[in-house]
Amino acid sequence: RRELPIDSLSPSEACDLARHLLKEAGAADTSAAEAIAREAGGSPFFIHPLVRANQAGEPIVLNQVILKWIDSLEADQQRLLEIVAVAGRPLRSHTALRAAELPDGRRVLIALQAARLLLLGGGPTEQQVETYHDQIRETVVAHLTPEEARERHRRLAVALLSSAHAEDPEVLAEHFHRSGELERAGEYYVLAADQAAQSLAFDRAAKLYRLALEVGKLDAEKRRNLQTLLGKSLANAGRGAEAGQAYLDAAAGALAAHALELQHLAGEQFMRAGHVGKGLEVLRGVLRSIGISLPETRRQLYWSAFWGSIKLWWRGTKYRERDASEIPADDLARIDMCWSIGSILALADTVRGTDLHRNHFFPLALDSGEPSWVALALGGIAVGDAIRGGPNQQRGESLLRQARRLAEQSGRPYTRAMVESFAGACALLLGQWKEVVVCTDRARTLFREECTGVAWEIGILYHYRFAALLSQGEWKQCAHELPPLLKEARERGDLFTATSLQIHAAHLDLADDEPDRAKSTLAEALRLWPQREFELKHYHALSGEVETCLYAGQYEEAWTTISQRWPALSDSLLLRLQEIRIIMTSLRAASAIAAAFAVPAGAVQNERIRSAEQDIRQMERERMPYADPMAQLHRAAIAV
């Protein structure tokens with residue numbers, strides 16, 4: 001029968017027990033009971049020896065009592081107790097005896113069990129041993145000199161290695177590390193990290209790779225390989241900024257082609273985590289190395305987008321299917337770079353990312369004919385059609401059908417998930433809110449169950465999902481799902497997802513009738529986001545800020561805010577996206593009408609009404625199902 005120590009006495013119960021034991025010991029004064037109970041930490045196991053110490057005139061100090069207890073042991077007993085304490089976890093009894101050099105040490109083991117210093121558990125053939133109480137283990141370990149501790153750890157590592165049972169390499173690494181054998185510790189840290197990565201415990205793997213880099217004596221090539229594995233584990237754990245730095249560290253001193261690949265991975269991870277400035281700096285260099293430059297000025301960007309659209313229209317979406325083995329490796333690498341960089345850029349700097357895809361990825365992927373790349377290109381073009389608006393909806397649906405067929409044919413889970421993500425983006429841009437939830441749920445399932453290193457892609461899906469749910473008024477569902485996701489994104493340093501979710505959270509503040517809190521939430525979201533140039537996150541924050549002002553009845557502030565920020569919105573070219581154009585035009589019309597109500601009849605009121613009417617006509621020209629009722633609502637407000 002395993003006998004467990006009890007640590008559940010309340011302070012008053014512990015004091016009563018101490019007082020009772022003092023009386024039994026013949027003490028006339030029981031005033032020390034409270035000090036004994038406090039020093040024992042409520043553990044009845046330690047109250048009795050402390051009572052004995054008090055009666056012997058010794059200090060009521062638990063560590064001193066334990067040390068005196070240990071000093072009374074035989075040398076063999078002390079050595080075995082030290083081995084078990086240093087192990088820090090349950091240890092097979094035969095391993096403990098081997099480490100203590102006690103091959104026939106059952107007598108010693110039983111004596112320590114009888115003295116309530118060690119605890120035996122498990123079956124008769126496979127017993128495990130540990131210290132009877134954590135306080136005993138901590139006191140024993142603290143009492144060892146550094147040299148003694150290293151020697152005990154070395155004995156343990158050797159005994160564990162010679163055990164017939166397979167030992168956890170992390171345990172071996174820890175004991176070799178603490179024994180000072182750093183090179184062997186590094187080897188076992190790498191082995192443990194590899195095992196953790198294979199079991200998808202990526203945070204654990206990253207910690208172990210870092211320890212291997214810290215303690216191992218590595219040549220440049222081995223260090224670079226470990227830094228790359230560290231970057232991969234951090235990326236899979238969704239820690240993009242840390243992954244980016246690990247990849248950059250690995251790129252230093254690598255051969256040109258390998259360095260370029262690592263820089264590509266680094267820039268991608270920085271962007272995924274929301275560190276846009278650093279990511280762009282790295283990725284611009286990567287693109288230049290393959291002969292591609294991003295437009296610098298708005299004028300360059302406008303003309304690049306214009307000519308890119310013309311060239312893509314002229315080329316069309318035709319392709320000839322080919323297997324990847326038929327395509328030169330350099331061409332595949334170029335396609336991969338244009339895809340990943342453009343995809344990431346599109347969610348931070350929408351216009352530049354879309355431009356990179358339109359001018360480079362789409363034609364390269366279609367020319368390749370490889371089903372997976374063609375599927376991604378057709379899905380991306382379908383999103384481009386949805387961006388331009390409803391008149392292109394029919395062609396976009398046809399492209400998505402083709403993309404789904406090719407994605408299934410490719411057999412690649414990532415491609416299938418991305419095509420579903422494209423379908424969700426199209427539905428969002430076209431105001432088909434229920435379809436957004438269906439598509440993003442399908443994509444999320446594929447990403448989670450069949451892919452790794454896709455925290456960023458899942459973060460985008462959450463953005464789509466919450467935008468659609470909020471548009472349907474599903475406040476309760478959002479309030480249940482959003483806070484834990486926001487907490488998780490912050491903990492792993494994912495600025496992109498955290499900022500998106502924080503902006504959505506402001507709507508929940510309004511649902512709680514807390515407009516001031518909503519403003520604080522939006523301000524905090526923009527503080528999280530390092531990119532200062534007006535882009536997609538700033539659009540979402542601006543729309544949230546104006547909606548909050550309207551909700552709170554701050555009509556002049558709503559009108560002033562949107563009027564002052566409209567030039568920056570226009571210069572960003574985001575108004576080329578139909579959904580953004582409709583939403584922001586509707587908000588400007590609502591702000592103008594509300595601000596007109598706030599002033600007396602006259603020239604100012606008439607000017608604001610004329611501005612609203614102009615915006616209403618613009619909304620009606622969009623010919624979108626969700627724009628028409630919004631326009632009629634504004635007309636009704638003007639009529640009032």
# chains A, B, ... in the order shown; residues from 1 in each chain; ligands from 1
$ select_by_dssp --residues "region 315-487 of chain A" --states "alpha helix (DSSP H)" --output "ChimeraX atom specification"
/A:315,329-348,350-356,362-368,371-388,393-410,413-429,433-450,455-471,475-487
$ residues_around --residues "Leu73 (chain A)" --least-positions-apart "4" --cutoff "10 Å" --atoms "only C-alpha atoms" --output "list of chain:residue names"
A:Lys68, A:Trp69, A:Gln77, A:Gln78, A:Arg79, A:Leu81, A:Ala111, A:Leu112, A:Ala115
$ write_last_selection --atoms "N, CA, C and O atoms" --output "short mmCIF file (atom, residue, chain, number, x, y, z; two decimals), in the first residue's frame"
data_model
loop_
_atom_site.label_atom_id
_atom_site.label_comp_id
_atom_site.auth_asym_id
_atom_site.auth_seq_id
_atom_site.Cartn_x
_atom_site.Cartn_y
_atom_site.Cartn_z
N LYS A 68 19.43 17.76 10.37
CA LYS A 68 19.85 16.95 11.50
C LYS A 68 19.40 15.50 11.32
O LYS A 68 20.13 14.55 11.63
N TRP A 69 18.19 15.38 10.80
CA TRP A 69 17.61 14.07 10.51
C TRP A 69 18.52 13.33 9.52
O TRP A 69 18.83 12.15 9.69
N GLN A 77 22.88 5.40 3.18
CA GLN A 77 21.53 5.96 3.17
C GLN A 77 21.54 7.41 2.67
O GLN A 77 20.67 7.81 1.88
N GLN A 78 22.51 8.18 3.12
CA GLN A 78 22.62 9.57 2.66
C GLN A 78 22.84 9.63 1.15
O GLN A 78 22.22 10.43 0.44
N ARG A 79 23.72 8.78 0.64
CA ARG A 79 24.03 8.81 -0.78
C ARG A 79 22.80 8.48 -1.63
O ARG A 79 22.54 9.13 -2.64
N LEU A 81 19.62 8.83 -0.72
CA LEU A 81 18.67 9.94 -0.58
C LEU A 81 19.06 11.10 -1.48
O LEU A 81 18.22 11.73 -2.13
N ALA A 111 15.05 1.02 4.78
CA ALA A 111 15.32 1.84 5.96
C ALA A 111 14.89 3.28 5.74
O ALA A 111 14.31 3.92 6.62
N LEU A 112 15.17 3.82 4.55
CA LEU A 112 14.77 5.20 4.24
C LEU A 112 13.25 5.33 4.11
O LEU A 112 12.67 6.37 4.44
N ALA A 115 11.93 5.42 7.59
CA ALA A 115 12.22 6.71 8.23
C ALA A 115 11.40 7.84 7.63
O ALA A 115 11.57 9.00 8.01
#
$ atom_distance --atom1 "CA of Ala18 (chain A)" --atom2 "CA of Val140 (chain A)"
24.9 Å
$ closest_residue --among "A:Ile83, A:Ile638, A:Leu406, A:Met630" --to "Ile583 (chain A)" --atoms "only C-alpha atoms"
A:Met630
$ atom_distance --atom1 "CA of Ala159 (chain A)" --atom2 "CA of Ser93 (chain A)"
11.2 Å
$ residues_around --residues "region 243-253 of chain A" --least-positions-apart "5" --cutoff "10 Å" --atoms "only C-alpha atoms" --output "tab-separated table (two decimals) with N, CA, C and O atoms, in the first residue's frame"
chain	number	residue	atom	x	y	z
A	206	ALA	N	11.09	24.03	-29.47
A	206	ALA	CA	11.86	25.28	-29.59
A	206	ALA	C	12.71	25.51	-28.35
A	206	ALA	O	13.89	25.89	-28.45
A	210	ARG	N	16.86	25.57	-28.34
A	210	ARG	CA	17.60	26.71	-27.78
A	210	ARG	C	18.64	26.24	-26.75
A	210	ARG	O	19.75	26.75	-26.71
A	220	ALA	N	29.99	25.62	-37.47
A	220	ALA	CA	29.08	26.58	-38.11
A	220	ALA	C	27.90	25.87	-38.78
A	220	ALA	O	26.75	26.33	-38.70
A	221	GLU	N	28.17	24.74	-39.44
A	221	GLU	CA	27.11	24.05	-40.18
A	221	GLU	C	26.07	23.46	-39.22
A	221	GLU	O	24.86	23.58	-39.45
A	223	ARG	N	25.43	24.44	-36.17
A	223	ARG	CA	24.71	25.55	-35.54
A	223	ARG	C	23.63	26.09	-36.48
A	223	ARG	O	22.51	26.38	-36.07
A	224	ARG	N	23.98	26.21	-37.76
A	224	ARG	CA	23.01	26.71	-38.74
A	224	ARG	C	21.82	25.76	-38.87
A	224	ARG	O	20.67	26.18	-38.94
A	225	ASN	N	22.10	24.47	-38.88
A	225	ASN	CA	21.02	23.48	-38.97
A	225	ASN	C	20.09	23.57	-37.76
A	225	ASN	O	18.85	23.50	-37.90
A	226	LEU	N	20.68	23.73	-36.57
A	226	LEU	CA	19.85	23.83	-35.36
A	226	LEU	C	19.05	25.13	-35.35
A	226	LEU	O	17.89	25.14	-34.92
A	227	GLN	N	19.66	26.22	-35.80
A	227	GLN	CA	18.92	27.49	-35.86
A	227	GLN	C	17.75	27.39	-36.84
A	227	GLN	O	16.67	27.94	-36.60
A	228	THR	N	17.96	26.65	-37.94
A	228	THR	CA	16.87	26.45	-38.90
A	228	THR	C	15.75	25.61	-38.27
A	228	THR	O	14.56	25.93	-38.43
A	229	LEU	N	16.12	24.55	-37.56
A	229	LEU	CA	15.11	23.72	-36.89
A	229	LEU	C	14.39	24.52	-35.81
A	229	LEU	O	13.18	24.36	-35.61
A	230	LEU	N	15.12	25.40	-35.12
A	230	LEU	CA	14.50	26.27	-34.13
A	230	LEU	C	13.48	27.19	-34.80
A	230	LEU	O	12.35	27.35	-34.31
A	231	GLY	N	13.88	27.78	-35.93
A	231	GLY	CA	12.96	28.64	-36.67
A	231	GLY	C	11.71	27.91	-37.10
A	231	GLY	O	10.58	28.42	-36.98
A	232	LYS	N	11.89	26.67	-37.58
A	232	LYS	CA	10.74	25.88	-38.03
A	232	LYS	C	9.80	25.57	-36.87
A	232	LYS	O	8.58	25.67	-37.01
A	233	SER	N	10.35	25.21	-35.72
A	233	SER	CA	9.52	24.90	-34.54
A	233	SER	C	8.77	26.15	-34.07
A	233	SER	O	7.58	26.08	-33.74
A	234	LEU	N	9.45	27.28	-34.03
A	234	LEU	CA	8.80	28.52	-33.62
A	234	LEU	C	7.71	28.93	-34.61
A	234	LEU	O	6.64	29.40	-34.20
A	235	ALA	N	7.98	28.72	-35.90
A	235	ALA	CA	6.96	29.03	-36.91
A	235	ALA	C	5.74	28.14	-36.72
A	235	ALA	O	4.60	28.60	-36.78
A	236	ASN	N	5.98	26.85	-36.50
A	236	ASN	CA	4.86	25.92	-36.29
A	236	ASN	C	4.09	26.23	-35.02
A	236	ASN	O	2.90	25.94	-34.92
A	237	ALA	N	4.76	26.83	-34.04
A	237	ALA	CA	4.10	27.21	-32.79
A	237	ALA	C	3.38	28.55	-32.92
A	237	ALA	O	2.73	28.99	-31.98
A	238	GLY	N	3.51	29.20	-34.09
A	238	GLY	CA	2.84	30.49	-34.30
A	238	GLY	C	3.60	31.67	-33.73
A	238	GLY	O	3.03	32.75	-33.57
A	258	HIS	N	21.16	29.08	-50.21
A	258	HIS	CA	20.57	28.69	-48.93
A	258	HIS	C	20.23	29.93	-48.10
A	258	HIS	O	19.18	29.99	-47.45
A	259	ALA	N	21.10	30.93	-48.12
A	259	ALA	CA	20.84	32.16	-47.38
A	259	ALA	C	19.59	32.85	-47.89
A	259	ALA	O	18.79	33.37	-47.10
A	260	LEU	N	19.41	32.84	-49.22
A	260	LEU	CA	18.21	33.46	-49.81
A	260	LEU	C	16.94	32.75	-49.32
A	260	LEU	O	15.95	33.41	-48.97
A	261	GLU	N	16.99	31.43	-49.30
A	261	GLU	CA	15.83	30.66	-48.83
A	261	GLU	C	15.52	30.98	-47.37
A	261	GLU	O	14.35	31.17	-46.99
A	262	LEU	N	16.57	31.07	-46.54
A	262	LEU	CA	16.37	31.36	-45.12
A	262	LEU	C	15.88	32.79	-44.90
A	262	LEU	O	15.04	33.05	-44.04
A	263	GLN	N	16.38	33.73	-45.70
A	263	GLN	CA	15.89	35.12	-45.60
A	263	GLN	C	14.43	35.21	-46.01
A	263	GLN	O	13.65	35.97	-45.42
A	264	HIS	N	14.08	34.43	-47.03
A	264	HIS	CA	12.67	34.37	-47.45
A	264	HIS	C	11.79	33.90	-46.30
A	264	HIS	O	10.76	34.50	-45.98
A	265	LEU	N	12.22	32.81	-45.63
A	265	LEU	CA	11.46	32.29	-44.49
A	265	LEU	C	11.41	33.31	-43.36
A	265	LEU	O	10.37	33.47	-42.71
A	266	ALA	N	12.53	34.01	-43.13
A	266	ALA	CA	12.57	35.01	-42.05
A	266	ALA	C	11.60	36.15	-42.32
A	266	ALA	O	10.80	36.52	-41.45
A	267	GLY	N	11.68	36.73	-43.53
A	267	GLY	CA	10.78	37.83	-43.86
A	267	GLY	C	9.32	37.42	-43.78
A	267	GLY	O	8.46	38.17	-43.29
A	268	GLU	N	9.04	36.21	-44.25
A	268	GLU	CA	7.67	35.69	-44.21
A	268	GLU	C	7.17	35.61	-42.77
A	268	GLU	O	6.04	36.01	-42.48
A	269	GLN	N	8.01	35.11	-41.87
A	269	GLN	CA	7.59	34.97	-40.47
A	269	GLN	C	7.42	36.33	-39.80
A	269	GLN	O	6.48	36.52	-39.02
A	270	PHE	N	8.29	37.28	-40.08
A	270	PHE	CA	8.12	38.63	-39.53
A	270	PHE	C	6.79	39.22	-39.98
A	270	PHE	O	6.06	39.81	-39.18
A	271	MET	N	6.47	39.06	-41.26
A	271	MET	CA	5.21	39.60	-41.78
A	271	MET	C	4.02	38.90	-41.14
A	271	MET	O	3.04	39.54	-40.76
A	272	ARG	N	4.10	37.58	-41.02
A	272	ARG	CA	2.99	36.82	-40.43
A	272	ARG	C	2.70	37.27	-39.00
A	272	ARG	O	1.56	37.28	-38.55
A	273	ALA	N	3.77	37.65	-38.29
A	273	ALA	CA	3.60	38.07	-36.89
A	273	ALA	C	3.18	39.53	-36.78
A	273	ALA	O	2.94	40.01	-35.68
A	275	HIS	N	5.12	42.13	-37.85
A	275	HIS	CA	6.29	43.02	-37.85
A	275	HIS	C	6.57	43.41	-39.31
A	275	HIS	O	7.54	42.95	-39.92
A	278	LYS	N	10.05	45.28	-40.56
A	278	LYS	CA	11.21	44.40	-40.62
A	278	LYS	C	11.03	43.34	-41.70
A	278	LYS	O	11.97	43.01	-42.43
A	279	GLY	N	9.81	42.80	-41.80
A	279	GLY	CA	9.54	41.79	-42.82
A	279	GLY	C	9.73	42.32	-44.23
A	279	GLY	O	10.34	41.67	-45.08
A	282	VAL	N	13.41	42.73	-45.22
A	282	VAL	CA	14.04	41.46	-45.61
A	282	VAL	C	13.53	40.98	-46.96
A	282	VAL	O	14.30	40.56	-47.84
$ select_by_dssp --residues "region 89-291 of chain A" --states "strand (DSSP E or B)" --output "number ranges by chain"
A: 91-92, 118-122, 127-131
$ atom_distance --atom1 "CA of Ser421 (chain A)" --atom2 "CA of Glu535 (chain A)"
21.2 Å
$ closest_residue --among "A:Ala541, A:Leu161, A:Ala25, A:Met418" --to "Arg98 (chain A)" --atoms "only C-alpha atoms"
A:Leu161
$ closest_residue --among "A:Gly274, A:Gly240, A:Pro600, A:Gly424" --to "Cys439 (chain A)" --atoms "only C-alpha atoms"
A:Gly424
$ residues_around --residues "region 559-568 of chain A" --least-positions-apart "5" --cutoff "7 Å" --atoms "only C-alpha atoms" --output "list of chain:residue names"
A:Phe534, A:Val546, A:Arg588, A:Ser591, A:Ala592, A:Ala595
$ residues_around --residues "Thr585 (chain A)" --least-positions-apart "6" --cutoff "9 Å" --atoms "only C-alpha atoms" --output "list of chain:residue names"
A:Ala612, A:Asp615, A:Ile616, A:Gln618, A:Met619
$ write_last_selection --atoms "C-alpha atoms" --output "tab-separated table (two decimals), in the first residue's frame"
chain	number	residue	atom	x	y	z
A	612	ALA	CA	-24.86	62.28	-47.94
A	615	ASP	CA	-22.66	59.08	-51.22
A	616	ILE	CA	-26.08	57.39	-51.47
A	618	GLN	CA	-22.53	56.12	-55.26
A	619	MET	CA	-23.82	53.19	-53.17
$ closest_residue --among "A:Thr415, A:Thr548, A:Gln113, A:Asn359" --to "Cys451 (chain A)" --atoms "only C-alpha atoms"
A:Thr415
$ residues_around --residues "Asp336 (chain A)" --least-positions-apart "4" --cutoff "9 Å" --atoms "only C-alpha atoms" --output "ChimeraX atom specification"
/A:331-332,340-341,361,373
$ decode --residues "region 103-115 of chain A" --atoms "all heavy atoms" --output "PDB file, in the first residue's frame"
ATOM      1  N   PRO A 103      24.362  -2.020  -5.368  1.00  0.00           N
ATOM      2  CA  PRO A 103      23.702  -3.103  -6.102  1.00  0.00           C
ATOM      3  C   PRO A 103      22.829  -3.973  -5.207  1.00  0.00           C
ATOM      4  O   PRO A 103      21.823  -4.532  -5.656  1.00  0.00           O
ATOM      5  CB  PRO A 103      24.877  -3.906  -6.688  1.00  0.00           C
ATOM      6  CG  PRO A 103      26.065  -3.507  -5.867  1.00  0.00           C
ATOM      7  CD  PRO A 103      25.829  -2.103  -5.434  1.00  0.00           C
ATOM      8  N   ASP A 104      23.170  -4.109  -3.927  1.00  0.00           N
ATOM      9  CA  ASP A 104      22.359  -4.891  -2.985  1.00  0.00           C
ATOM     10  C   ASP A 104      21.787  -3.958  -1.925  1.00  0.00           C
ATOM     11  O   ASP A 104      21.907  -4.215  -0.709  1.00  0.00           O
ATOM     12  CB  ASP A 104      23.208  -5.996  -2.342  1.00  0.00           C
ATOM     13  CG  ASP A 104      23.773  -6.952  -3.388  1.00  0.00           C
ATOM     14  OD1 ASP A 104      23.013  -7.322  -4.296  1.00  0.00           O
ATOM     15  OD2 ASP A 104      24.960  -7.303  -3.280  1.00  0.00           O
ATOM     16  N   GLY A 105      21.206  -2.878  -2.370  1.00  0.00           N
ATOM     17  CA  GLY A 105      20.800  -1.836  -1.433  1.00  0.00           C
ATOM     18  C   GLY A 105      19.350  -1.856  -1.014  1.00  0.00           C
ATOM     19  O   GLY A 105      18.828  -0.822  -0.564  1.00  0.00           O
ATOM     20  N   ARG A 106      18.675  -3.023  -1.128  1.00  0.00           N
ATOM     21  CA  ARG A 106      17.268  -3.071  -0.725  1.00  0.00           C
ATOM     22  C   ARG A 106      17.120  -2.711   0.762  1.00  0.00           C
ATOM     23  O   ARG A 106      16.164  -2.056   1.160  1.00  0.00           O
ATOM     24  CB  ARG A 106      16.696  -4.465  -0.962  1.00  0.00           C
ATOM     25  CG  ARG A 106      16.606  -4.874  -2.416  1.00  0.00           C
ATOM     26  CD  ARG A 106      15.613  -4.025  -3.193  1.00  0.00           C
ATOM     27  NE  ARG A 106      14.265  -4.092  -2.632  1.00  0.00           N
ATOM     28  CZ  ARG A 106      13.243  -3.350  -3.054  1.00  0.00           C
ATOM     29  NH1 ARG A 106      13.440  -2.468  -4.020  1.00  0.00           N
ATOM     30  NH2 ARG A 106      12.062  -3.471  -2.514  1.00  0.00           N
ATOM     31  N   ARG A 107      18.085  -3.145   1.576  1.00  0.00           N
ATOM     32  CA  ARG A 107      18.022  -2.838   3.009  1.00  0.00           C
ATOM     33  C   ARG A 107      18.036  -1.321   3.229  1.00  0.00           C
ATOM     34  O   ARG A 107      17.274  -0.782   4.044  1.00  0.00           O
ATOM     35  CB  ARG A 107      19.209  -3.487   3.729  1.00  0.00           C
ATOM     36  CG  ARG A 107      19.292  -3.162   5.221  1.00  0.00           C
ATOM     37  CD  ARG A 107      20.593  -3.677   5.819  1.00  0.00           C
ATOM     38  NE  ARG A 107      21.750  -3.080   5.171  1.00  0.00           N
ATOM     39  CZ  ARG A 107      22.213  -1.864   5.468  1.00  0.00           C
ATOM     40  NH1 ARG A 107      21.584  -1.116   6.365  1.00  0.00           N
ATOM     41  NH2 ARG A 107      23.278  -1.403   4.850  1.00  0.00           N
ATOM     42  N   VAL A 108      18.910  -0.621   2.484  1.00  0.00           N
ATOM     43  CA  VAL A 108      19.029   0.839   2.593  1.00  0.00           C
ATOM     44  C   VAL A 108      17.724   1.506   2.160  1.00  0.00           C
ATOM     45  O   VAL A 108      17.214   2.435   2.807  1.00  0.00           O
ATOM     46  CB  VAL A 108      20.208   1.342   1.739  1.00  0.00           C
ATOM     47  CG1 VAL A 108      20.297   2.865   1.782  1.00  0.00           C
ATOM     48  CG2 VAL A 108      21.505   0.714   2.201  1.00  0.00           C
ATOM     49  N   LEU A 109      17.167   1.014   1.075  1.00  0.00           N
ATOM     50  CA  LEU A 109      15.927   1.564   0.539  1.00  0.00           C
ATOM     51  C   LEU A 109      14.790   1.423   1.547  1.00  0.00           C
ATOM     52  O   LEU A 109      14.041   2.380   1.814  1.00  0.00           O
ATOM     53  CB  LEU A 109      15.583   0.850  -0.770  1.00  0.00           C
ATOM     54  CG  LEU A 109      14.543   1.475  -1.692  1.00  0.00           C
ATOM     55  CD1 LEU A 109      14.951   2.883  -2.089  1.00  0.00           C
ATOM     56  CD2 LEU A 109      14.387   0.620  -2.945  1.00  0.00           C
ATOM     57  N   ILE A 110      14.671   0.257   2.126  1.00  0.00           N
ATOM     58  CA  ILE A 110      13.590   0.000   3.086  1.00  0.00           C
ATOM     59  C   ILE A 110      13.790   0.836   4.345  1.00  0.00           C
ATOM     60  O   ILE A 110      12.830   1.343   4.938  1.00  0.00           O
ATOM     61  CB  ILE A 110      13.528  -1.509   3.411  1.00  0.00           C
ATOM     62  CG1 ILE A 110      13.050  -2.266   2.165  1.00  0.00           C
ATOM     63  CG2 ILE A 110      12.613  -1.787   4.584  1.00  0.00           C
ATOM     64  CD1 ILE A 110      13.215  -3.771   2.255  1.00  0.00           C
ATOM     65  N   ALA A 111      15.049   1.019   4.776  1.00  0.00           N
ATOM     66  CA  ALA A 111      15.324   1.836   5.964  1.00  0.00           C
ATOM     67  C   ALA A 111      14.888   3.284   5.736  1.00  0.00           C
ATOM     68  O   ALA A 111      14.307   3.921   6.620  1.00  0.00           O
ATOM     69  CB  ALA A 111      16.807   1.767   6.314  1.00  0.00           C
ATOM     70  N   LEU A 112      15.169   3.820   4.553  1.00  0.00           N
ATOM     71  CA  LEU A 112      14.774   5.203   4.236  1.00  0.00           C
ATOM     72  C   LEU A 112      13.250   5.331   4.105  1.00  0.00           C
ATOM     73  O   LEU A 112      12.673   6.369   4.436  1.00  0.00           O
ATOM     74  CB  LEU A 112      15.458   5.661   2.941  1.00  0.00           C
ATOM     75  CG  LEU A 112      16.964   5.902   3.043  1.00  0.00           C
ATOM     76  CD1 LEU A 112      17.562   6.150   1.660  1.00  0.00           C
ATOM     77  CD2 LEU A 112      17.262   7.100   3.959  1.00  0.00           C
ATOM     78  N   GLN A 113      12.619   4.267   3.619  1.00  0.00           N
ATOM     79  CA  GLN A 113      11.159   4.277   3.566  1.00  0.00           C
ATOM     80  C   GLN A 113      10.576   4.269   4.987  1.00  0.00           C
ATOM     81  O   GLN A 113       9.634   5.021   5.284  1.00  0.00           O
ATOM     82  CB  GLN A 113      10.644   3.065   2.785  1.00  0.00           C
ATOM     83  CG  GLN A 113       9.125   3.049   2.634  1.00  0.00           C
ATOM     84  CD  GLN A 113       8.631   1.747   2.026  1.00  0.00           C
ATOM     85  OE1 GLN A 113       9.306   0.726   2.135  1.00  0.00           O
ATOM     86  NE2 GLN A 113       7.465   1.781   1.395  1.00  0.00           N
ATOM     87  N   ALA A 114      11.143   3.442   5.850  1.00  0.00           N
ATOM     88  CA  ALA A 114      10.667   3.365   7.231  1.00  0.00           C
ATOM     89  C   ALA A 114      10.871   4.687   7.963  1.00  0.00           C
ATOM     90  O   ALA A 114      10.065   5.067   8.819  1.00  0.00           O
ATOM     91  CB  ALA A 114      11.395   2.242   7.966  1.00  0.00           C
ATOM     92  N   ALA A 115      11.935   5.416   7.590  1.00  0.00           N
ATOM     93  CA  ALA A 115      12.217   6.706   8.227  1.00  0.00           C
ATOM     94  C   ALA A 115      11.397   7.839   7.633  1.00  0.00           C
ATOM     95  O   ALA A 115      11.573   9.000   8.013  1.00  0.00           O
ATOM     96  CB  ALA A 115      13.706   7.015   8.097  1.00  0.00           C
TER      97      ALA A 115
END
